[in-house]
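*Asks:* I am attaching a structure below and will ask some questions about it afterwards.
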Amino acid sequence: MYSVVNEFEECRAQALTLTKSLSLVKDLYSGIEKGLKEHGHSQTKLMYTDNASGELAFHEAATSSLKDNVKHIDLNPYARLPLFSIPSESFSFNYYETFQAMDYACFSILQQLSSSETSHIVVGFDIVYHTNVTGEGGPLAAPRAKAGIVDVVQVSGPDFAYVFKVTNFKTTASVPQNLKTLVCSPRVIKVGRRKGFRNSETSSTSPSSK
C-alpha cells in the first residue's frame with residue numbers, strides 16, 4: 001500500500017502496488033497535480049519522503065512544481081575528494097585510554113618538531129562529542145542535537161594514527177600536558193572539521209620527567 005498524506009496527515013491518495021517501484025505511482029502524482037490545478041489550489045511546494053536522495057529525480061519529474069525556485073544542495077560535499085589510503089607497511093594505529101599513554105604519544109609527535117628542519121608539522125585532527133537529542137517527534141516537532149563533552153580525539157600523520165579516549169578528563173587540568181601542547185601549538189597544523197581545546201599552557205614536557 002502506497003499512501004500520500006498532506007501536512008495535516010490526511011490521506012490524499014493511495015495505491016495498492018505489487019512492488020516498491022515508483023513507476024507504479026507516477027499516475028497517482030499526476031492526478032494530485034491535476035486535481036490541485038482544477039480546484040484552484042496552489043501546487044505542491046514541499047514533500048517529505050524517507051528516501052529523499054534516491055527519489056529526487058522521480059518526484060521532480062512527476063511533480064514539476066517541486067523544481068520552482070529550488071537550488072539543489074550538495075548532500076556530500078566531500079565525495080569529490082580522493083580516498084585516503086593507509087599504507088600496509090610501516091603504519092601504526094594505536095588506541096589509548098590512559099593518561100600516560102596519551103601523554104607519551106603526543107610527546108613523540110612534538111619531538112618531530114625538534115628533530116625536523118621544518119618549522120611545523122601537519123596532522124589530521126578530529127573530535128567526537130557525546131550527543132544528546134532534544135525535542136520530540138511528530139509533524140510539528142523540531143528535534144535538535146546538543147553536543148556534550150569531548151569523547152574521542154584522533155590525531156594522525158603520514159605513518160601513524162592515534163585515537164584517544166578522553167571522556168574521563170573532566171577538567172582542562174586533568175588533560176595530559178603534551179596533548180594540550182599539541183592542540184594549542186601554532187607549529188602543529190591541525191587539519192580537520194572540528195578543533196578546539198582551551199588552555200593557556202603550551203609547553204612540552206617529557207613524560208619521563210613526571
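In the C-alpha cells, chains take the letters A, B, ... in the order shown, each chain's residues start at 1, and ligands count up from 1 in the order shown.
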Leaving out A:Lys170 and any residue of its chain fewer than 4 positions from it, which residues lie within 12 Å of it when counting only C-alpha atoms, given as a CSV table (one decimal) with N, CA and C atoms, in the first residue's frame?
*Replies:*
```
chain,number,residue,atom,x,y,z
A,148,GLY,N,27.8,17.5,23.7
A,148,GLY,CA,28.2,17.4,25.1
A,148,GLY,C,29.7,17.4,25.3
A,149,ILE,N,30.2,16.6,26.2
A,149,ILE,CA,31.6,16.6,26.5
A,149,ILE,C,32.4,15.9,25.4
A,150,VAL,N,33.7,16.2,25.2
A,150,VAL,CA,34.5,15.6,24.2
A,150,VAL,C,34.7,14.1,24.6
A,151,ASP,N,34.5,13.2,23.6
A,151,ASP,CA,34.5,11.8,23.9
A,151,ASP,C,35.8,11.2,23.3
A,166,VAL,N,39.0,10.3,25.8
A,166,VAL,CA,39.3,11.4,26.7
A,166,VAL,C,38.0,11.7,27.6
A,174,SER,N,43.1,18.2,34.0
A,174,SER,CA,43.3,16.7,34.0
A,174,SER,C,43.7,16.2,32.7
A,175,VAL,N,43.8,17.0,31.6
A,175,VAL,CA,44.2,16.6,30.3
A,175,VAL,C,45.7,16.5,30.3
A,176,PRO,N,46.3,15.5,29.7
A,176,PRO,CA,47.8,15.3,29.6
A,176,PRO,C,48.4,16.6,29.0
```
*Asks:* Assign secondary structure with DSSP using the backbone only, and return the residues of stretch 68-115 of chain A in helix (DSSP H, G or I) as number ranges by chain.
*Replies:* A: 99-115
*Asks:* Please produce an output containing C-alpha atoms for each residue in the selection, written as a short mmCIF file (atom, residue, chain, number, x, y, z; two decimals), in the first residue's frame.
*Replies:*
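Contents of the output file selection_0.cif:
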```cif
data_model
loop_
_atom_site.label_atom_id
_atom_site.label_comp_id
_atom_site.auth_asym_id
_atom_site.auth_seq_id
_atom_site.Cartn_x
_atom_site.Cartn_y
_atom_site.Cartn_z
CA PHE A 99 46.89 9.38 30.83
CA GLN A 100 50.48 8.15 30.46
CA ALA A 101 49.99 6.52 27.06
CA MET A 102 48.33 9.63 25.59
CA ASP A 103 50.98 11.91 27.04
CA TYR A 104 53.82 9.85 25.59
CA ALA A 105 52.15 9.55 22.17
CA CYS A 106 51.72 13.33 21.93
CA PHE A 107 55.28 13.84 23.16
CA SER A 108 56.58 11.64 20.33
CA ILE A 109 54.68 13.77 17.81
CA LEU A 110 56.04 17.00 19.28
CA GLN A 111 59.55 15.57 19.12
CA GLN A 112 59.26 15.71 15.33
CA LEU A 113 59.44 19.49 15.60
CA SER A 114 62.82 19.41 17.29
CA SER A 115 64.24 16.70 15.01
#
```
*Asks:* Could you check which of A:Ile121, A:Cys11, A:Leu16, A:Ala61 is closest to A:Tyr29, using only C-alpha atoms?
*Replies:*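 Smallest separation from A:Tyr29 among the options: A:Ala61.
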*Asks:* Atom CA of A:Ser21 and atom CA of A:Glu38, how far apart in Å?
*Replies:*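 Straight-line distance from atom CA of A:Glu38 to atom CA of A:Ser21 works out to 27.9 Å.
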*Asks:* Which residue gives the smallest distance to A:Thr49 among A:Asn69, A:Ser64, A:Gln14, A:Ser3, with only C-alpha atoms counted?
*Replies:*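 For A:Thr49, the nearest of the candidates is A:Ser3.
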*Asks:* How far is it from atom CA of A:Thr17 to atom CA of A:Gly31, in Å with one decimal?
*Replies:* 16.4 Å
*Asks:* Between atom CA of A:Val153 and atom CA of A:Phe125, measure the distance and give it in Å to one decimal.
*Replies:*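 Separating atom CA of A:Val153 from atom CA of A:Phe125 is a distance of 7.4 Å.
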*Asks:* For each of A:Lys165, A:His59, A:His72, A:His39, take the minimum atom-to-atom distance to A:Glu97, counting only C-alpha atoms, then give the residue where this is smallest.
*Replies:* A:Lys165
*Asks:* Ranking A:Val191, A:Leu66, A:Ser53, A:Thr19 by minimum distance to A:Glu33 and counting only C-alpha atoms, which one comes first?
*Replies:*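 The answer is A:Leu66, which sits nearest to A:Glu33.
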*Asks:* Pick out the residues sitting within 7 Å of A:Ser92, and hand them over as a list in words; count only C-alpha atoms, and ignore anything fewer than 5 positions along from it in its own chain.
*Replies:* Asp159, Phe160 and Ala161 of chain A
*Asks:* Could the residues in this selection be saved with C-alpha atoms as a compact mmCIF listing (two decimals), in the first residue's frame?
*Replies:*
```
# COMPACT_ATOMS: atom_id res chain seq x y z
CA ASP A 159 52.74 6.84 9.24
CA PHE A 160 50.69 6.87 12.45
CA ALA A 161 47.19 7.27 13.83
```
*Asks:* I'd like the contact shell of A:Val155 - 7 Å cut-off, only C-alpha atoms, skipping same-chain residues fewer than 3 positions apart - returned as a PDB file with N, CA and C atoms, in the first residue's frame.
*Replies:*
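Saved file around.pdb follows:
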```
ATOM      1  N   VAL A 123      49.103  17.485  11.039  1.00  0.00           N
ATOM      2  CA  VAL A 123      48.461  16.252  11.496  1.00  0.00           C
ATOM      3  C   VAL A 123      46.970  16.326  11.206  1.00  0.00           C
ATOM      4  N   GLY A 124      46.389  15.174  10.906  1.00  0.00           N
ATOM      5  CA  GLY A 124      44.938  15.101  10.811  1.00  0.00           C
ATOM      6  C   GLY A 124      44.352  15.133  12.207  1.00  0.00           C
ATOM      7  N   PHE A 125      43.240  15.838  12.379  1.00  0.00           N
ATOM      8  CA  PHE A 125      42.702  16.033  13.727  1.00  0.00           C
ATOM      9  C   PHE A 125      41.183  16.015  13.681  1.00  0.00           C
ATOM     10  N   ASP A 126      40.583  15.315  14.620  1.00  0.00           N
ATOM     11  CA  ASP A 126      39.125  15.257  14.681  1.00  0.00           C
ATOM     12  C   ASP A 126      38.692  15.071  16.128  1.00  0.00           C
ATOM     13  N   ALA A 161      48.527   6.787  13.475  1.00  0.00           N
ATOM     14  CA  ALA A 161      47.191   7.269  13.828  1.00  0.00           C
ATOM     15  C   ALA A 161      46.953   6.929  15.290  1.00  0.00           C
ATOM     16  N   TYR A 162      46.607   7.945  16.072  1.00  0.00           N
ATOM     17  CA  TYR A 162      46.316   7.758  17.485  1.00  0.00           C
ATOM     18  C   TYR A 162      44.851   8.113  17.741  1.00  0.00           C
ATOM     19  N   VAL A 163      44.175   7.269  18.488  1.00  0.00           N
ATOM     20  CA  VAL A 163      42.814   7.550  18.926  1.00  0.00           C
ATOM     21  C   VAL A 163      42.828   7.580  20.451  1.00  0.00           C
TER      22      VAL A 163
END
```
